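Here's input13.pdb, which has PDB, C-alpha atoms and all ligand atoms:
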ATOM      1  CA  MET Y  53      11.721 -44.772  30.316  1.00  0.00           C
ATOM      2  CA  LYS Y  54      14.171 -42.414  28.649  1.00  0.00           C
ATOM      3  CA  GLU Y  55      12.802 -40.423  25.759  1.00  0.00           C
ATOM      4  CA  MET Y  56      14.799 -39.541  22.708  1.00  0.00           C
ATOM      5  CA  ASN Y  57      15.552 -36.008  21.581  1.00  0.00           C
ATOM      6  CA  THR Y  58      14.561 -34.450  24.862  1.00  0.00           C
ATOM      7  CA  PRO Y  59      16.813 -32.640  27.280  1.00  0.00           C
ATOM      8  CA  PHE Y  60      15.421 -34.319  30.378  1.00  0.00           C
ATOM      9  CA  ARG Y  61      17.767 -35.314  33.105  1.00  0.00           C
ATOM     10  CA  LYS Y  62      17.887 -38.784  34.470  1.00  0.00           C
ATOM     11  CA  GLY Y  63      15.937 -39.610  37.563  1.00  0.00           C
ATOM     12  CA  VAL Y  64      12.294 -38.656  37.670  1.00  0.00           C
ATOM     13  CA  CYS Y  65      10.875 -38.768  34.148  1.00  0.00           C
ATOM     14  CA  LEU Y  66       8.228 -36.563  32.626  1.00  0.00           C
ATOM     15  CA  VAL Y  67       5.859 -39.425  32.050  1.00  0.00           C
ATOM     16  CA  TYR Y  68       2.499 -37.929  32.986  1.00  0.00           C
ATOM     17  CA  LYS Y  69       0.759 -36.323  30.056  1.00  0.00           C
ATOM     18  CA  ASN Y  70      -1.687 -33.603  30.979  1.00  0.00           C
ATOM     19  CA  PRO Y  71      -5.194 -34.586  29.814  1.00  0.00           C
ATOM     20  CA  ASP Y  72      -6.280 -30.923  29.796  1.00  0.00           C
ATOM     21  CA  TYR Y  73      -3.451 -29.698  27.574  1.00  0.00           C
ATOM     22  CA  LYS Y  74      -4.405 -27.469  24.665  1.00  0.00           C
ATOM     23  CA  LYS Y  75      -2.007 -26.250  22.044  1.00  0.00           C
ATOM     24  CA  VAL Y  76      -1.520 -22.485  21.857  1.00  0.00           C
ATOM     25  CA  LYS Y  77      -0.095 -20.540  18.934  1.00  0.00           C
ATOM     26  CA  ASN Y  78       3.013 -18.385  19.254  1.00  0.00           C
ATOM     27  CA  SER Y  79       4.224 -20.228  22.267  1.00  0.00           C
ATOM     28  CA  PHE Y  80       7.465 -21.889  23.209  1.00  0.00           C
ATOM     29  CA  ILE Y  81       8.329 -24.661  25.578  1.00  0.00           C
ATOM     30  CA  LEU Y  82       9.763 -24.078  29.011  1.00  0.00           C
ATOM     31  CA  LEU Y  83      11.098 -26.819  31.148  1.00  0.00           C
ATOM     32  CA  VAL Y  84      10.299 -26.166  34.793  1.00  0.00           C
ATOM     33  CA  SER Y  85      12.495 -27.848  37.350  1.00  0.00           C
ATOM     34  CA  CYS Y  86      12.793 -27.996  41.106  1.00  0.00           C
ATOM     35  CA  GLY Y  87      15.124 -25.315  42.437  1.00  0.00           C
ATOM     36  CA  TYR Y  88      16.240 -27.524  45.313  1.00  0.00           C
ATOM     37  CA  CYS Y  89      17.190 -30.771  43.610  1.00  0.00           C
ATOM     38  CA  LYS Y  90      16.978 -29.886  39.874  1.00  0.00           C
ATOM     39  CA  THR Y  91      14.393 -32.549  39.122  1.00  0.00           C
ATOM     40  CA  ASP Y  92      12.324 -31.731  36.062  1.00  0.00           C
ATOM     41  CA  ILE Y  93       8.730 -31.021  37.007  1.00  0.00           C
ATOM     42  CA  ALA Y  94       6.900 -29.962  33.886  1.00  0.00           C
ATOM     43  CA  GLU Y  95       7.112 -29.122  30.255  1.00  0.00           C
ATOM     44  CA  TYR Y  96       5.082 -25.959  29.864  1.00  0.00           C
ATOM     45  CA  GLN Y  97       3.786 -24.027  26.892  1.00  0.00           C
ATOM     46  CA  LYS Y  98       4.741 -20.418  27.604  1.00  0.00           C
ATOM     47  CA  VAL Y  99       3.295 -17.437  25.784  1.00  0.00           C
ATOM     48  CA  GLY Y 100       5.020 -14.079  25.793  1.00  0.00           C
ATOM     49  CA  LYS Y 101       8.073 -12.738  27.498  1.00  0.00           C
ATOM     50  CA  GLY Y 102       8.614 -12.416  31.183  1.00  0.00           C
ATOM     51  CA  ASN Y 103       9.208 -14.764  34.029  1.00  0.00           C
ATOM     52  CA  LEU Y 104       6.991 -17.696  34.716  1.00  0.00           C
ATOM     53  CA  LEU Y 105       4.841 -16.729  37.683  1.00  0.00           C
ATOM     54  CA  ARG Y 106       2.051 -19.204  37.183  1.00  0.00           C
ATOM     55  CA  MET Y 107       1.321 -22.193  35.025  1.00  0.00           C
ATOM     56  CA  TYR Y 108      -2.114 -22.344  33.470  1.00  0.00           C
ATOM     57  CA  THR Y 109      -3.330 -25.876  33.856  1.00  0.00           C
ATOM     58  CA  ASP Y 110      -4.236 -26.251  30.174  1.00  0.00           C
ATOM     59  CA  ARG Y 111      -0.747 -25.240  29.061  1.00  0.00           C
ATOM     60  CA  ILE Y 112       1.102 -27.914  30.972  1.00  0.00           C
ATOM     61  CA  ILE Y 113       2.121 -30.467  28.390  1.00  0.00           C
ATOM     62  CA  LYS Y 114       3.454 -33.188  30.626  1.00  0.00           C
ATOM     63  CA  GLY Y 115       5.492 -33.653  33.727  1.00  0.00           C
ATOM     64  CA  SER Y 116       6.603 -35.778  36.615  1.00  0.00           C
ATOM     65  CA  ILE Y 117       3.367 -35.155  38.531  1.00  0.00           C
ATOM     66  CA  ASP Y 118       0.089 -36.924  37.799  1.00  0.00           C
ATOM     67  CA  TRP Y 119      -1.997 -34.034  36.409  1.00  0.00           C
ATOM     68  CA  SER Y 120      -5.121 -36.125  35.985  1.00  0.00           C
ATOM     69  CA  LYS Y 121      -5.462 -36.066  39.782  1.00  0.00           C
ATOM     70  CA  LYS Y 122      -5.593 -32.248  39.664  1.00  0.00           C
ATOM     71  CA  PRO Y 123      -3.355 -31.835  42.700  1.00  0.00           C
ATOM     72  CA  LYS Y 124      -4.069 -28.814  44.913  1.00  0.00           C
ATOM     73  CA  SER Y 125      -0.359 -28.288  45.396  1.00  0.00           C
ATOM     74  CA  LEU Y 126       2.653 -29.238  43.370  1.00  0.00           C
ATOM     75  CA  TYR Y 127       5.377 -30.990  45.288  1.00  0.00           C
ATOM     76  CA  CYS Y 128       8.679 -32.028  43.825  1.00  0.00           C
ATOM     77  CA  PRO Y 129       8.371 -35.798  43.302  1.00  0.00           C
ATOM     78  CA  ASN Y 130      12.018 -36.217  44.227  1.00  0.00           C
ATOM     79  CA  CYS Y 131      12.647 -34.027  47.295  1.00  0.00           C
ATOM     80  CA  GLY Y 132       9.075 -33.259  48.346  1.00  0.00           C
ATOM     81  CA  LYS Y 133       9.407 -29.475  48.477  1.00  0.00           C
ATOM     82  CA  LEU Y 134       6.305 -27.386  47.769  1.00  0.00           C
ATOM     83  CA  LEU Y 135       6.694 -25.557  44.450  1.00  0.00           C
ATOM     84  CA  ALA Y 136       3.248 -24.239  43.547  1.00  0.00           C
ATOM     85  CA  THR Y 137      -0.361 -24.087  44.666  1.00  0.00           C
ATOM     86  CA  ARG Y 138      -3.452 -24.357  42.539  1.00  0.00           C
ATOM     87  CA  ILE Y 139      -5.525 -21.197  42.192  1.00  0.00           C
ATOM     88  CA  MET Y 140      -8.660 -20.151  40.337  1.00  0.00           C
ATOM     89  CA  LEU Y 141      -8.344 -17.048  38.187  1.00  0.00           C
ATOM     90  CA  LYS Y 142     -11.897 -15.760  38.301  1.00  0.00           C
ATOM     91  CA  LYS Y 143     -11.491 -13.096  35.627  1.00  0.00           C
ATOM     92  CA  LYS Y 144     -10.214 -15.588  33.113  1.00  0.00           C
ATOM     93  CA  ASN Y 145     -12.214 -18.493  34.482  1.00  0.00           C
ATOM     94  CA  LYS Y 146      -9.071 -20.561  34.373  1.00  0.00           C
ATOM     95  CA  GLU Y 147      -7.133 -22.604  36.823  1.00  0.00           C
ATOM     96  CA  ALA Y 148      -3.435 -22.204  37.301  1.00  0.00           C
ATOM     97  CA  TYR Y 149      -0.571 -23.186  39.526  1.00  0.00           C
ATOM     98  CA  LYS Y 150       0.841 -20.164  41.266  1.00  0.00           C
ATOM     99  CA  MET Y 151       4.563 -20.758  41.458  1.00  0.00           C
ATOM    100  CA  ILE Y 152       6.288 -20.099  44.755  1.00  0.00           C
ATOM    101  CA  ARG Y 153       9.132 -17.672  44.302  1.00  0.00           C
ATOM    102  CA  SER Y 154      12.667 -19.000  44.230  1.00  0.00           C
ATOM    103  CA  THR Y 155      11.645 -22.647  44.503  1.00  0.00           C
ATOM    104  CA  TYR Y 156      11.970 -23.460  40.814  1.00  0.00           C
ATOM    105  CA  ASN Y 157      14.051 -22.937  37.705  1.00  0.00           C
ATOM    106  CA  THR Y 158      12.981 -22.595  34.115  1.00  0.00           C
ATOM    107  CA  ARG Y 159      14.805 -23.060  30.873  1.00  0.00           C
ATOM    108  CA  ARG Y 160      13.732 -22.704  27.321  1.00  0.00           C
ATOM    109  CA  VAL Y 161      13.651 -25.856  25.238  1.00  0.00           C
ATOM    110  CA  ASN Y 162      12.804 -24.611  21.748  1.00  0.00           C
TER
HETATM  111 ZN    ZN T 201      13.172 -31.279  44.308  1.00  0.00          ZN
END
Show me, as C-alpha cells, the structure contained in the file I just sent.
Amino acid sequence: MKEMNTPFRKGVCLVYKNPDYKKVKNSFILLVSCGYCKTDIAEYQKVGKGNLLRMYTDRIIKGSIDWSKKPKSLYCPNCGKLLATRIMLKKKNKEAYKMIRSTYNTRRVN
C-alpha cells in the first residue's frame, strides 16, 4: 500500500485517484490533512498564493476519500470529523469543496 517517494504518513493511504482531475499549469501540490488526527485527506493542485479555502473538484489529484462517489461532504476517513462540504460555484460553473475553518492542515509538497 505504501507508495515510494511520497511524504504520506502511515495509516490511511491516498489510494483513491480522482477521475475528474485535470492538470493545471503553474500550480503546486498541497497535501491536505485532517486537523484533528493528522490523517492525509487529499493531494491537491493549488494555483496561486493564499490559504486553501476551497478545493475545486477537478484539482483534487487523489486522496483517502472515494471521489468517484462525489460525496456531498468530506469526512476524515480516520476520525470521522466533517472537514468540507460540496458547493456549486455558479459564476464559474464549477464544483468545489468548501473547507471548514480550522478543521484541516495543509503543507506544500513540491
Ligand atoms: Zn481525522
Nearby residues, ligand ZN 201 (chain T), 8 Å, all atoms listed in the file, as number ranges by chain: Y: 85-91, 127-133
Determine the residue membership of the PyMOL selection byres (((chain Y and resi 92) around 8) and not hetatm) for the file above and supply it as a short mmCIF file (atom, residue, chain, number, x, y, z; two decimals) with C-alpha atoms, keeping the file's coordinate frame.
data_model
loop_
_atom_site.label_atom_id
_atom_site.label_comp_id
_atom_site.auth_asym_id
_atom_site.auth_seq_id
_atom_site.Cartn_x
_atom_site.Cartn_y
_atom_site.Cartn_z
CA PHE Y 60 15.42 -34.32 30.38
CA ARG Y 61 17.77 -35.31 33.10
CA VAL Y 64 12.29 -38.66 37.67
CA CYS Y 65 10.88 -38.77 34.15
CA LEU Y 66 8.23 -36.56 32.63
CA LEU Y 83 11.10 -26.82 31.15
CA VAL Y 84 10.30 -26.17 34.79
CA SER Y 85 12.50 -27.85 37.35
CA CYS Y 86 12.79 -28.00 41.11
CA LYS Y 90 16.98 -29.89 39.87
CA THR Y 91 14.39 -32.55 39.12
CA ILE Y 93 8.73 -31.02 37.01
CA ALA Y 94 6.90 -29.96 33.89
CA GLY Y 115 5.49 -33.65 33.73
CA SER Y 116 6.60 -35.78 36.62
#
Kindly give the distance, in Å, that separates atom CA of Y:Lys144 and atom CA of Y:Tyr108, rounded to a single decimal.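 Atom CA of Y:Tyr108 lies at a distance of 10.6 Å from atom CA of Y:Lys144.
The spacing separating atom CA of Y:Ala148 from atom CA of Y:Leu126 amounts to 11.1 Å.
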In terms of the shortest atom-to-atom distance over all atoms listed in the file, which of Y:Val161, Y:Val67, Y:Leu82, Y:Ser154 is closest to Y:Met107?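 With all atoms listed in the file as the atom set, the closest residue is Y:Leu82.
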Quick one: which residues end up in the PyMOL selection byres (((chain Y and resi 74-80) around 6) and not hetatm) for this structure, as a ChimeraX atom specification? /Y:73,81,97-99,110
Quick check on the file I pasted: which residues fall under the PyMOL selection byres (((chain Y and resi 71) around 9) and not hetatm)? Write them as a list in words.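 Applied to this file, the PyMOL selection byres (((chain Y and resi 71) around 9) and not hetatm) selects Tyr68, Lys69, Asn70, Asp72, Tyr73, Lys74, Asp110, Ile113, Lys114, Trp119 and Ser120 of chain Y.
Closest approach to Y:Tyr149 among Y:Arg106, Y:Ile117, Y:Pro123, Y:Lys101: Y:Arg106, based on all atoms listed in the file.
A straight line drawn from atom CA of Y:Lys121 to atom CA of Y:Asn103 is 26.5 Å long.
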Find the residues around Y:Met151 up to 7 Å (all atoms listed in the file counted), leave out those fewer than 2 positions away in its own chain, and share them as a list of chain:residue names.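 Within the cut-off, the hits are Y:Leu105, Y:Arg106, Y:Leu135, Y:Ala136, Y:Thr137, Y:Tyr149, Y:Arg153.
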